[in-house]
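Next comes protein_12.pdb, with PDB, C-alpha atoms.
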```
ATOM      1  CA  MET A  16     -55.352  15.420 -96.202
ATOM      2  CA  LEU A  17     -52.941  18.229 -95.188
ATOM      3  CA  LYS A  18     -50.430  15.676 -93.941
ATOM      4  CA  VAL A  19     -50.804  13.591 -97.081
ATOM      5  CA  ILE A  20     -50.240  16.633 -99.304
ATOM      6  CA  ALA A  21     -47.195  17.692 -97.267
ATOM      7  CA  GLU A  22     -45.742  14.181 -97.517
ATOM      8  CA  LEU A  23     -46.376  13.872-101.257
ATOM      9  CA  LYS A  24     -44.868  17.308-101.883
ATOM     10  CA  ALA A  25     -41.829  16.495 -99.744
ATOM     11  CA  ALA A  26     -41.349  13.251-101.675
ATOM     12  CA  ASN A  27     -41.864  15.069-105.010
ATOM     13  CA  ALA A  28     -44.622  12.529-105.687
ATOM     14  CA  ILE A  29     -47.748  14.663-106.017
ATOM     15  CA  GLU A  30     -48.824  12.415-108.921
ATOM     16  CA  ARG A  31     -49.826   9.865-106.264
ATOM     17  CA  LEU A  32     -52.566  12.187-104.938
ATOM     18  CA  ASN A  33     -55.217  10.060-106.672
ATOM     19  CA  GLU A  34     -54.482   7.305-104.136
ATOM     20  CA  VAL A  35     -56.253   9.338-101.452
ATOM     21  CA  ILE A  36     -59.181  10.485-103.635
ATOM     22  CA  PRO A  37     -61.960   7.853-103.619
ATOM     23  CA  TYR A  38     -63.622   9.375-106.698
ATOM     24  CA  ALA A  39     -60.361   8.916-108.639
ATOM     25  CA  ALA A  40     -60.654   5.147-108.133
ATOM     26  CA  THR A  41     -64.342   5.261-109.105
ATOM     27  CA  ILE A  42     -63.569   6.673-112.563
ATOM     28  CA  GLY A  43     -60.037   5.293-113.059
ATOM     29  CA  LEU A  44     -58.033   8.490-112.648
ATOM     30  CA  ALA A  45     -54.283   8.432-111.996
ATOM     31  CA  ALA A  46     -51.195  10.451-112.905
ATOM     32  CA  ARG A  47     -47.549   9.984-113.784
ATOM     33  CA  ARG A  48     -44.384  11.928-114.535
ATOM     34  CA  GLU A  49     -43.222  11.965-118.114
ATOM     35  CA  ASP A  50     -39.955  13.810-118.797
ATOM     36  CA  GLY A  51     -40.694  15.931-115.755
ATOM     37  CA  ALA A  52     -44.240  16.792-116.883
ATOM     38  CA  LEU A  53     -47.222  15.795-114.757
ATOM     39  CA  ILE A  54     -49.627  13.818-116.940
ATOM     40  CA  SER A  55     -53.030  12.821-115.612
ATOM     41  CA  VAL A  56     -54.451   9.623-117.073
ATOM     42  CA  LEU A  57     -58.080   8.568-117.338
ATOM     43  CA  ALA A  58     -57.996   4.848-118.100
ATOM     44  CA  PHE A  59     -60.741   3.739-120.469
ATOM     45  CA  ARG A  60     -63.626   1.985-118.740
ATOM     46  CA  GLU A  61     -67.038   0.994-120.105
ATOM     47  CA  SER A  62     -68.572   2.626-117.035
ATOM     48  CA  ASN A  63     -67.238   6.039-118.149
ATOM     49  CA  ILE A  64     -69.185   5.951-121.418
ATOM     50  CA  GLY A  65     -71.629   8.848-121.752
ATOM     51  CA  ASN A  66     -72.854   8.177-125.279
ATOM     52  CA  TYR A  67     -73.422   4.515-126.001
ATOM     53  CA  VAL A  68     -74.128   5.152-129.696
ATOM     54  CA  ALA A  69     -70.974   7.159-130.477
ATOM     55  CA  ARG A  70     -69.025   5.226-127.770
ATOM     56  CA  ALA A  71     -67.809   8.511-126.300
ATOM     57  CA  ILE A  72     -66.548   9.197-122.778
ATOM     58  CA  HIS A  73     -68.979  11.205-120.630
ATOM     59  CA  GLY A  74     -68.248  14.932-120.835
ATOM     60  CA  GLY A  75     -68.475  15.148-117.041
ATOM     61  CA  VAL A  76     -65.684  12.595-116.657
ATOM     62  CA  VAL A  77     -63.559  14.547-119.133
ATOM     63  CA  GLY A  78     -64.256  17.586-116.946
ATOM     64  CA  ALA A  79     -63.136  15.630-113.884
ATOM     65  CA  LEU A  80     -59.890  14.645-115.630
ATOM     66  CA  LEU A  81     -59.201  18.298-116.514
ATOM     67  CA  GLU A  82     -59.977  19.406-112.951
ATOM     68  CA  HIS A  83     -57.663  16.745-111.494
ATOM     69  CA  ALA A  84     -54.807  17.677-113.838
ATOM     70  CA  ALA A  85     -55.254  21.343-112.903
ATOM     71  CA  ILE A  86     -55.163  20.599-109.165
ATOM     72  CA  LEU A  87     -52.018  18.463-109.518
ATOM     73  CA  GLN A  88     -50.286  21.223-111.463
ATOM     74  CA  VAL A  89     -51.173  23.830-108.824
ATOM     75  CA  LEU A  90     -49.851  21.552-106.062
ATOM     76  CA  ALA A  91     -46.661  20.854-108.017
ATOM     77  CA  GLU A  92     -45.919  24.435-109.040
ATOM     78  CA  THR A  93     -46.980  26.485-106.044
ATOM     79  CA  GLU A  94     -46.081  26.570-102.376
ATOM     80  CA  THR A  95     -49.633  25.798-101.269
ATOM     81  CA  GLN A  96     -49.927  23.098 -98.633
ATOM     82  CA  VAL A  97     -53.708  22.763 -98.853
ATOM     83  CA  LEU A  98     -55.850  21.133-101.506
ATOM     84  CA  PRO A  99     -56.668  23.979-103.924
ATOM     85  CA  LYS A 100     -60.370  24.820-103.838
ATOM     86  CA  ILE A 101     -61.941  25.103-107.267
ATOM     87  CA  VAL A 102     -63.696  28.416-107.940
ATOM     88  CA  ASN A 103     -64.727  27.785-111.507
ATOM     89  CA  LEU A 104     -64.022  25.567-114.468
ATOM     90  CA  SER A 105     -64.807  26.322-118.091
ATOM     91  CA  VAL A 106     -64.474  23.361-120.446
ATOM     92  CA  ASP A 107     -64.381  23.543-124.250
ATOM     93  CA  TYR A 108     -65.101  20.201-125.890
ATOM     94  CA  LEU A 109     -63.020  20.225-129.061
ATOM     95  CA  ARG A 110     -63.286  16.725-130.523
ATOM     96  CA  PRO A 111     -65.202  13.594-129.594
ATOM     97  CA  CYS A 112     -63.448  11.858-126.705
ATOM     98  CA  LEU A 113     -63.818   8.241-127.721
ATOM     99  CA  ALA A 114     -63.419   4.821-126.056
ATOM    100  CA  ALA A 115     -59.696   4.955-125.264
ATOM    101  CA  ASP A 116     -57.341   6.196-122.549
ATOM    102  CA  THR A 117     -57.347   9.985-122.167
ATOM    103  CA  PHE A 118     -54.513  12.187-120.909
ATOM    104  CA  ALA A 119     -54.332  15.726-119.551
ATOM    105  CA  ARG A 120     -51.696  18.273-118.624
ATOM    106  CA  GLY A 121     -52.088  21.629-116.910
ATOM    107  CA  ARG A 122     -50.173  24.909-116.854
ATOM    108  CA  VAL A 123     -50.365  27.513-114.115
ATOM    109  CA  ILE A 124     -50.839  30.733-116.094
ATOM    110  CA  ARG A 125     -50.846  33.100-113.160
ATOM    111  CA  GLN A 126     -50.459  32.580-109.463
ATOM    112  CA  GLY A 127     -51.515  35.325-107.115
ATOM    113  CA  ARG A 128     -51.417  35.237-103.338
ATOM    114  CA  ARG A 129     -54.879  33.728-103.083
ATOM    115  CA  VAL A 130     -55.867  32.550-106.544
ATOM    116  CA  ALA A 131     -54.237  30.494-109.300
ATOM    117  CA  ASN A 132     -55.339  30.558-112.943
ATOM    118  CA  VAL A 133     -54.705  27.285-114.761
ATOM    119  CA  ARG A 134     -55.098  26.080-118.353
ATOM    120  CA  VAL A 135     -55.472  22.381-119.079
ATOM    121  CA  GLU A 136     -55.687  20.300-122.228
ATOM    122  CA  ALA A 137     -56.819  16.708-122.656
ATOM    123  CA  TRP A 138     -55.981  14.421-125.568
ATOM    124  CA  GLN A 139     -56.127  10.810-126.689
ATOM    125  CA  ASP A 140     -53.902   9.960-129.678
ATOM    126  CA  SER A 141     -51.726  13.081-129.655
ATOM    127  CA  PRO A 142     -51.313  16.231-127.518
ATOM    128  CA  GLU A 143     -51.423  18.126-130.819
ATOM    129  CA  ARG A 144     -55.047  17.075-131.228
ATOM    130  CA  PRO A 145     -56.739  17.979-127.953
ATOM    131  CA  VAL A 146     -60.197  16.541-127.286
ATOM    132  CA  ALA A 147     -60.943  19.161-124.620
ATOM    133  CA  ALA A 148     -59.420  22.258-123.052
ATOM    134  CA  ALA A 149     -60.284  24.117-119.896
ATOM    135  CA  HIS A 150     -59.360  27.095-117.812
ATOM    136  CA  ALA A 151     -59.961  27.144-114.110
ATOM    137  CA  HIS A 152     -59.429  29.273-111.013
ATOM    138  CA  PHE A 153     -58.434  27.829-107.642
ATOM    139  CA  LEU A 154     -58.335  29.367-104.180
ATOM    140  CA  LEU A 155     -55.056  28.626-102.442
ATOM    141  CA  THR A 156     -56.096  29.652 -98.939
TER     142      THR A 156
ATOM    143  CA  MET B  11     -95.530  23.046-143.225
ATOM    144  CA  SER B  12     -95.418  20.959-140.105
ATOM    145  CA  ALA B  13     -92.735  21.097-137.455
ATOM    146  CA  ALA B  14     -90.531  18.040-136.981
ATOM    147  CA  ALA B  15     -91.866  15.591-134.422
ATOM    148  CA  PRO B  16     -91.162  16.759-130.880
ATOM    149  CA  PRO B  17     -89.406  14.192-128.739
ATOM    150  CA  ASP B  18     -91.380  11.919-126.492
ATOM    151  CA  LEU B  19     -90.311  12.635-122.894
ATOM    152  CA  ALA B  20     -90.409   8.929-121.983
ATOM    153  CA  THR B  21     -87.977   8.220-124.845
ATOM    154  CA  VAL B  22     -85.659  10.977-123.619
ATOM    155  CA  VAL B  23     -85.694   9.526-120.095
ATOM    156  CA  ASP B  24     -85.054   6.051-121.498
ATOM    157  CA  THR B  25     -82.034   7.416-123.406
ATOM    158  CA  PHE B  26     -80.757   8.853-120.121
ATOM    159  CA  ARG B  27     -81.285   5.592-118.210
ATOM    160  CA  ARG B  28     -79.089   3.696-120.651
ATOM    161  CA  ILE B  29     -76.025   5.943-120.161
ATOM    162  CA  PRO B  30     -73.383   3.713-118.533
ATOM    163  CA  HIS B  31     -71.677   6.463-116.547
ATOM    164  CA  CYS B  32     -74.971   7.737-115.141
ATOM    165  CA  GLN B  33     -75.716   4.175-114.028
ATOM    166  CA  LEU B  34     -72.324   4.097-112.265
ATOM    167  CA  LEU B  35     -73.194   7.282-110.359
ATOM    168  CA  ASP B  36     -76.780   6.107-109.743
ATOM    169  CA  MET B  37     -78.035   9.374-111.266
ATOM    170  CA  ARG B  38     -81.838   9.678-111.325
ATOM    171  CA  MET B  39     -84.232  11.991-113.147
ATOM    172  CA  ILE B  40     -86.671  13.660-110.773
ATOM    173  CA  ALA B  41     -88.683  15.725-113.237
ATOM    174  CA  ILE B  42     -88.588  16.439-116.926
ATOM    175  CA  ALA B  43     -90.613  18.818-119.071
ATOM    176  CA  PRO B  44     -89.933  20.484-122.426
ATOM    177  CA  GLY B  45     -86.908  22.741-121.853
ATOM    178  CA  CYS B  46     -86.445  21.966-118.169
ATOM    179  CA  GLY B  47     -85.361  19.104-115.937
ATOM    180  CA  THR B  48     -84.343  18.130-112.406
ATOM    181  CA  ALA B  49     -82.094  15.219-111.433
ATOM    182  CA  LEU B  50     -80.217  13.795-108.468
ATOM    183  CA  ILE B  51     -76.988  11.960-107.674
ATOM    184  CA  PRO B  52     -77.090  10.279-104.240
ATOM    185  CA  TYR B  53     -74.184  10.991-101.910
ATOM    186  CA  ARG B  54     -71.832   8.110-101.432
ATOM    187  CA  PRO B  55     -68.245   7.747-100.184
ATOM    188  CA  ALA B  56     -67.006   6.546-103.606
ATOM    189  CA  LEU B  57     -67.685  10.039-105.006
ATOM    190  CA  VAL B  58     -65.637  11.909-102.403
ATOM    191  CA  ALA B  59     -62.656  14.104-103.324
ATOM    192  CA  ASN B  60     -61.289  14.822 -99.855
ATOM    193  CA  VAL B  61     -61.491  12.015 -97.306
ATOM    194  CA  ARG B  62     -60.849  14.399 -94.429
ATOM    195  CA  THR B  63     -63.895  16.554 -95.178
ATOM    196  CA  GLY B  64     -66.055  14.046 -97.071
ATOM    197  CA  VAL B  65     -66.785  16.672 -99.735
ATOM    198  CA  ILE B  66     -67.881  15.264-103.077
ATOM    199  CA  HIS B  67     -65.606  15.731-106.137
ATOM    200  CA  GLY B  68     -66.333  18.578-108.542
ATOM    201  CA  GLY B  69     -66.400  16.012-111.348
ATOM    202  CA  VAL B  70     -69.647  14.618-109.940
ATOM    203  CA  ILE B  71     -71.276  18.044-110.141
ATOM    204  CA  THR B  72     -69.882  18.538-113.658
ATOM    205  CA  THR B  73     -71.306  15.155-114.660
ATOM    206  CA  LEU B  74     -74.722  15.872-113.126
ATOM    207  CA  LEU B  75     -75.026  19.261-114.842
ATOM    208  CA  ASP B  76     -73.572  18.097-118.191
ATOM    209  CA  THR B  77     -75.911  15.108-118.365
ATOM    210  CA  LEU B  78     -78.947  17.065-117.300
ATOM    211  CA  SER B  79     -78.116  19.830-119.782
ATOM    212  CA  GLY B  80     -77.946  17.314-122.629
ATOM    213  CA  ILE B  81     -81.213  15.662-121.590
ATOM    214  CA  VAL B  82     -82.994  19.009-121.334
ATOM    215  CA  VAL B  83     -81.713  20.094-124.760
ATOM    216  CA  MET B  84     -83.067  16.799-126.160
ATOM    217  CA  THR B  85     -86.557  17.825-125.048
ATOM    218  CA  THR B  86     -86.371  20.992-127.168
ATOM    219  CA  VAL B  87     -85.212  19.608-130.518
ATOM    220  CA  PRO B  88     -86.716  17.124-133.008
ATOM    221  CA  ALA B  89     -86.484  13.508-131.916
ATOM    222  CA  GLY B  90     -83.186  11.910-132.864
ATOM    223  CA  THR B  91     -81.220  15.159-133.254
ATOM    224  CA  PRO B  92     -77.587  14.388-132.342
ATOM    225  CA  LEU B  93     -76.098  16.662-129.692
ATOM    226  CA  ALA B  94     -72.578  17.519-128.641
ATOM    227  CA  THR B  95     -71.471  19.656-125.703
ATOM    228  CA  LEU B  96     -69.499  22.615-127.053
ATOM    229  CA  ASP B  97     -68.674  24.151-123.725
ATOM    230  CA  LEU B  98     -69.706  24.071-120.114
ATOM    231  CA  ARG B  99     -68.724  26.561-117.447
ATOM    232  CA  ILE B 100     -69.281  25.807-113.792
ATOM    233  CA  ASP B 101     -68.968  28.247-110.903
ATOM    234  CA  TYR B 102     -68.609  26.558-107.532
ATOM    235  CA  LEU B 103     -70.480  28.813-105.132
ATOM    236  CA  HIS B 104     -69.849  26.894-101.923
ATOM    237  CA  PRO B 105     -68.622  23.417-101.001
ATOM    238  CA  ALA B 106     -71.132  20.583-101.099
ATOM    239  CA  THR B 107     -72.251  19.355 -97.681
ATOM    240  CA  PRO B 108     -70.831  15.910 -96.862
ATOM    241  CA  GLY B 109     -73.517  13.245 -96.719
ATOM    242  CA  SER B 110     -76.063  15.214 -98.736
ATOM    243  CA  ASP B 111     -77.409  14.186-102.142
ATOM    244  CA  ILE B 112     -76.738  16.561-105.041
ATOM    245  CA  ARG B 113     -79.626  17.799-107.141
ATOM    246  CA  GLY B 114     -79.478  19.728-110.368
ATOM    247  CA  ARG B 115     -81.972  21.853-112.254
ATOM    248  CA  VAL B 116     -81.265  22.978-115.813
ATOM    249  CA  GLU B 117     -83.247  24.935-118.360
ATOM    250  CA  CYS B 118     -82.661  25.301-122.073
ATOM    251  CA  TYR B 119     -83.482  28.976-122.546
ATOM    252  CA  LYS B 120     -82.673  29.372-126.243
ATOM    253  CA  THR B 121     -82.396  27.065-129.230
ATOM    254  CA  THR B 122     -81.239  28.117-132.693
ATOM    255  CA  PRO B 123     -80.911  25.843-135.759
ATOM    256  CA  ASN B 124     -77.318  25.004-134.744
ATOM    257  CA  ILE B 125     -76.873  25.807-131.054
ATOM    258  CA  ALA B 126     -78.798  25.290-127.824
ATOM    259  CA  PHE B 127     -78.059  27.401-124.733
ATOM    260  CA  VAL B 128     -78.535  26.105-121.192
ATOM    261  CA  ARG B 129     -78.164  27.357-117.650
ATOM    262  CA  GLY B 130     -78.691  25.657-114.358
ATOM    263  CA  VAL B 131     -77.754  25.097-110.756
ATOM    264  CA  ALA B 132     -76.701  22.280-108.463
ATOM    265  CA  PHE B 133     -78.065  22.304-104.916
ATOM    266  CA  HIS B 134     -78.865  20.074-101.960
ATOM    267  CA  THR B 135     -82.443  20.875-101.011
ATOM    268  CA  ASP B 136     -82.895  24.602-101.649
ATOM    269  CA  GLU B 137     -82.546  25.726-105.233
ATOM    270  CA  ALA B 138     -82.162  29.303-103.966
ATOM    271  CA  ASP B 139     -78.955  28.294-102.138
ATOM    272  CA  PRO B 140     -77.003  26.630-104.956
ATOM    273  CA  ILE B 141     -73.697  24.767-104.639
ATOM    274  CA  ALA B 142     -72.844  25.510-108.239
ATOM    275  CA  HIS B 143     -74.090  27.415-111.258
ATOM    276  CA  CYS B 144     -73.583  26.303-114.852
ATOM    277  CA  ALA B 145     -73.871  27.771-118.324
ATOM    278  CA  GLY B 146     -73.342  25.711-121.434
ATOM    279  CA  THR B 147     -73.825  25.490-125.178
ATOM    280  CA  PHE B 148     -74.646  22.453-127.276
ATOM    281  CA  MET B 149     -74.186  21.907-130.977
ATOM    282  CA  LEU B 150     -77.185  20.352-132.690
ATOM    283  CA  GLY B 151     -76.720  17.752-135.440
ATOM    284  CA  ALA B 152     -73.040  17.480-134.622
ATOM    285  CA  MET B 153     -72.263  13.873-135.430
ATOM    286  CA  GLY B 154     -72.873  13.761-139.164
ATOM    287  CA  PHE B 155     -76.604  12.967-139.201
ATOM    288  CA  ARG B 156     -77.526  16.482-140.334
ATOM    289  CA  PRO B 157     -78.503  17.170-143.950
ATOM    290  CA  PRO B 158     -75.316  17.117-146.050
ATOM    291  CA  THR B 159     -73.658  20.422-146.831
ATOM    292  CA  ALA B 160     -70.785  21.384-149.127
ATOM    293  CA  ALA B 161     -68.423  20.870-146.205
ATOM    294  CA  ASP B 162     -69.383  17.206-146.060
ATOM    295  CA  GLU B 163     -68.152  16.486-149.569
ATOM    296  CA  ALA B 164     -64.526  16.432-148.495
ATOM    297  CA  PRO B 165     -64.669  15.041-144.978
ATOM    298  CA  ALA B 166     -61.516  15.344-142.923
ATOM    299  CA  PRO B 167     -59.962  12.013-141.983
ATOM    300  CA  GLY B 168     -60.125  10.462-138.556
ATOM    301  CA  ASN B 169     -61.214  12.316-135.503
ATOM    302  CA  ASP B 170     -61.680  15.680-137.150
ATOM    303  CA  ARG B 171     -65.402  16.009-136.817
ATOM    304  CA  PRO B 172     -66.140  19.553-135.799
ATOM    305  CA  GLY B 173     -66.898  20.516-132.267
ATOM    306  CA  GLY B 174     -67.920  18.978-129.120
ATOM    307  CA  GLN B 175     -68.406  15.932-127.012
ATOM    308  CA  PRO B 176     -71.263  13.713-128.249
ATOM    309  CA  CYS B 177     -73.825  13.296-125.513
TER     310      CYS B 177
END
```
Would you write out, as structure tokens, the structure that this file holds?
Amino acid sequence: MLKVIAELKAANAIERLNEVIPYAATIGLAARREDGALISVLAFRESNIGNYVARAIHGGVVGALLEHAAILQVLAETETQVLPKIVNLSVDYLRPCLAADTFARGRVIRQGRRVANVRVEAWQDSPERPVAAAHAHFLLT
Amino acid sequence: MSAAAPPDLATVVDTFRRIPHCQLLDMRMIAIAPGCGTALIPYRPALVANVRTGVIHGGVITTLLDTLSGIVVMTTVPAGTPLATLDLRIDYLHPATPGSDIRGRVECYKTTPNIAFVRGVAFHTDEADPIAHCAGTFMLGAMGFRPPTAADEAPAPGNDRPGGQPC
């Protein structure tokens, strides 16, 4: 994994990290660059439904999307060469996340020597209307 | 005055069994009682975050604890009450052990007319040595099935329903 991270960072292609995360394939998680910004994408799949009446995506999968976007942002913005270890994640569910593709983008708020604090938002139709937001801490050592 | 009908535990478990994403993860209920539940997600390579270590992705633990929290809240409110997760915080206390199933235990320790409060842990075999700790809140009657209020008379268009992820 260290070698993979070093290679992806050297190639400025950290968005391809999902290719080496089996769970990312299980839920349909990927990422891309859009005008320089790292956007994580959770493709809609029936198997990600958590509420079959409201046809809403499972809150745990939304959490996974937010966590992935946060990790990518830490890898892209900091010098760390290891996979950041999550310390905690606090997710606010703001609107129903319905049966459609979902996107997320993170921001490193503060990077210390050992810990990074990251904010992330997820949306469907517009970034102005987030479906969920999270803050998380990661260990960089 | 009689209280609203309490939920039937078998109905709650049936609701859980029909959740597509829980079927994908092969999540199973181990025990359920009013206000408390235990569940399991079996370890499997498809759930791994880091192929070098074999450690399971945090999203699996989030999913286990979020689902279990919702199911446990359902046991404490009248049958049919819609729920939505308002927030969920997870502290990862130590990495999951590769190859080991993940269990979760959640209790709903307080319910008000609008909000239910939960706390719980994820662990392998010993609840006293948890992998993760969670605390969450759920909104009750969140999806428009509650008795109408003045706020309902001018509903906002589109996806502007207040609060939370329906569960």
Mind telling me what the PyMOL selection byres ((chain B) within 9 of (chain A)) catches here, as a PDB file with C-alpha atoms, in the coordinates of the input?
```
ATOM      1  CA  ARG B  28     -79.089   3.696-120.651  1.00  0.00           C
ATOM      2  CA  ILE B  29     -76.025   5.943-120.161  1.00  0.00           C
ATOM      3  CA  PRO B  30     -73.383   3.713-118.533  1.00  0.00           C
ATOM      4  CA  HIS B  31     -71.677   6.463-116.547  1.00  0.00           C
ATOM      5  CA  CYS B  32     -74.971   7.737-115.141  1.00  0.00           C
ATOM      6  CA  GLN B  33     -75.716   4.175-114.028  1.00  0.00           C
ATOM      7  CA  LEU B  34     -72.324   4.097-112.265  1.00  0.00           C
ATOM      8  CA  PRO B  55     -68.245   7.747-100.184  1.00  0.00           C
ATOM      9  CA  ALA B  56     -67.006   6.546-103.606  1.00  0.00           C
ATOM     10  CA  LEU B  57     -67.685  10.039-105.006  1.00  0.00           C
ATOM     11  CA  VAL B  58     -65.637  11.909-102.403  1.00  0.00           C
ATOM     12  CA  ALA B  59     -62.656  14.104-103.324  1.00  0.00           C
ATOM     13  CA  ASN B  60     -61.289  14.822 -99.855  1.00  0.00           C
ATOM     14  CA  VAL B  61     -61.491  12.015 -97.306  1.00  0.00           C
ATOM     15  CA  ARG B  62     -60.849  14.399 -94.429  1.00  0.00           C
ATOM     16  CA  THR B  63     -63.895  16.554 -95.178  1.00  0.00           C
ATOM     17  CA  ILE B  66     -67.881  15.264-103.077  1.00  0.00           C
ATOM     18  CA  HIS B  67     -65.606  15.731-106.137  1.00  0.00           C
ATOM     19  CA  GLY B  68     -66.333  18.578-108.542  1.00  0.00           C
ATOM     20  CA  GLY B  69     -66.400  16.012-111.348  1.00  0.00           C
ATOM     21  CA  VAL B  70     -69.647  14.618-109.940  1.00  0.00           C
ATOM     22  CA  ILE B  71     -71.276  18.044-110.141  1.00  0.00           C
ATOM     23  CA  THR B  72     -69.882  18.538-113.658  1.00  0.00           C
ATOM     24  CA  THR B  73     -71.306  15.155-114.660  1.00  0.00           C
ATOM     25  CA  LEU B  74     -74.722  15.872-113.126  1.00  0.00           C
ATOM     26  CA  LEU B  75     -75.026  19.261-114.842  1.00  0.00           C
ATOM     27  CA  ASP B  76     -73.572  18.097-118.191  1.00  0.00           C
ATOM     28  CA  THR B  77     -75.911  15.108-118.365  1.00  0.00           C
ATOM     29  CA  ALA B  94     -72.578  17.519-128.641  1.00  0.00           C
ATOM     30  CA  THR B  95     -71.471  19.656-125.703  1.00  0.00           C
ATOM     31  CA  LEU B  96     -69.499  22.615-127.053  1.00  0.00           C
ATOM     32  CA  ASP B  97     -68.674  24.151-123.725  1.00  0.00           C
ATOM     33  CA  LEU B  98     -69.706  24.071-120.114  1.00  0.00           C
ATOM     34  CA  ARG B  99     -68.724  26.561-117.447  1.00  0.00           C
ATOM     35  CA  ILE B 100     -69.281  25.807-113.792  1.00  0.00           C
ATOM     36  CA  ASP B 101     -68.968  28.247-110.903  1.00  0.00           C
ATOM     37  CA  TYR B 102     -68.609  26.558-107.532  1.00  0.00           C
ATOM     38  CA  LEU B 103     -70.480  28.813-105.132  1.00  0.00           C
ATOM     39  CA  HIS B 104     -69.849  26.894-101.923  1.00  0.00           C
ATOM     40  CA  PRO B 105     -68.622  23.417-101.001  1.00  0.00           C
ATOM     41  CA  MET B 153     -72.263  13.873-135.430  1.00  0.00           C
ATOM     42  CA  ASN B 169     -61.214  12.316-135.503  1.00  0.00           C
ATOM     43  CA  ASP B 170     -61.680  15.680-137.150  1.00  0.00           C
ATOM     44  CA  ARG B 171     -65.402  16.009-136.817  1.00  0.00           C
ATOM     45  CA  PRO B 172     -66.140  19.553-135.799  1.00  0.00           C
ATOM     46  CA  GLY B 173     -66.898  20.516-132.267  1.00  0.00           C
ATOM     47  CA  GLY B 174     -67.920  18.978-129.120  1.00  0.00           C
ATOM     48  CA  GLN B 175     -68.406  15.932-127.012  1.00  0.00           C
ATOM     49  CA  PRO B 176     -71.263  13.713-128.249  1.00  0.00           C
ATOM     50  CA  CYS B 177     -73.825  13.296-125.513  1.00  0.00           C
TER      51      CYS B 177
END
```
Please expand the PyMOL selection byres ((chain A and resi 123) around 12) into the concrete residues it hits in this file, giving the result as a list in words.
Ala84, Ala85, Ile86, Leu87, Gln88, Val89, Leu90, Ala91, Glu92, Thr93, Arg120, Gly121, Arg122, Ile124, Arg125, Gln126, Gly127, Val130, Ala131, Asn132, Val133, Arg134, Val135, Ala149, His150, Ala151, His152 and Phe153 of chain A
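A straight line drawn from atom CA of Ser55 of chain A to atom CA of Leu78 of chain B is 26.3 Å long.
Of the listed residues B:Gly47, B:Gly80, B:Gly114, B:Gly64, the one whose atoms come nearest to Asp136 of chain B is B:Gly114, with distances taken using only C-alpha atoms.
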Neighbour list for Ala89 of chain B as an mmCIF file with C-alpha atoms, keeping the file's coordinate frame, cut-off 12 Å, all atoms listed in the file, skip fewer than 6 positions in-chain:
```
data_model
loop_
_atom_site.group_PDB
_atom_site.id
_atom_site.type_symbol
_atom_site.label_atom_id
_atom_site.label_comp_id
_atom_site.auth_asym_id
_atom_site.auth_seq_id
_atom_site.Cartn_x
_atom_site.Cartn_y
_atom_site.Cartn_z
ATOM 1 C CA ALA B 13 -92.735 21.097 -137.455
ATOM 2 C CA ALA B 14 -90.531 18.040 -136.981
ATOM 3 C CA ALA B 15 -91.866 15.591 -134.422
ATOM 4 C CA PRO B 16 -91.162 16.759 -130.880
ATOM 5 C CA PRO B 17 -89.406 14.192 -128.739
ATOM 6 C CA ASP B 18 -91.380 11.919 -126.492
ATOM 7 C CA LEU B 19 -90.311 12.635 -122.894
ATOM 8 C CA ALA B 20 -90.409 8.929 -121.983
ATOM 9 C CA THR B 21 -87.977 8.220 -124.845
ATOM 10 C CA VAL B 22 -85.659 10.977 -123.619
ATOM 11 C CA THR B 25 -82.034 7.416 -123.406
ATOM 12 C CA ILE B 81 -81.213 15.662 -121.590
ATOM 13 C CA VAL B 83 -81.713 20.094 -124.760
ATOM 14 C CA LEU B 150 -77.185 20.352 -132.690
ATOM 15 C CA GLY B 151 -76.720 17.752 -135.440
#
```
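As for atom CA of Ala137 of chain A and atom CA of Leu57 of chain A, they are spaced 9.8 Å apart.
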Where's the centre, and what are the edge lengths in Å to one decimal, of a box along x, y and z enclosing all listed atoms of segment 140-149 of chain A padded 4 Å per side, as lines of an AutoDock Vina configuration file?
```
center_x = -56.1
center_y = 17.0
center_z = -125.6
size_x = 17.6
size_y = 22.2
size_z = 19.3
```
Report as a PyMOL selection string the full result of the PyMOL selection byres ((chain B and resi 120-122) around 12) when it is applied to this structure.
chain B and resi 45-46+82-88+117-119+123-129+145-151
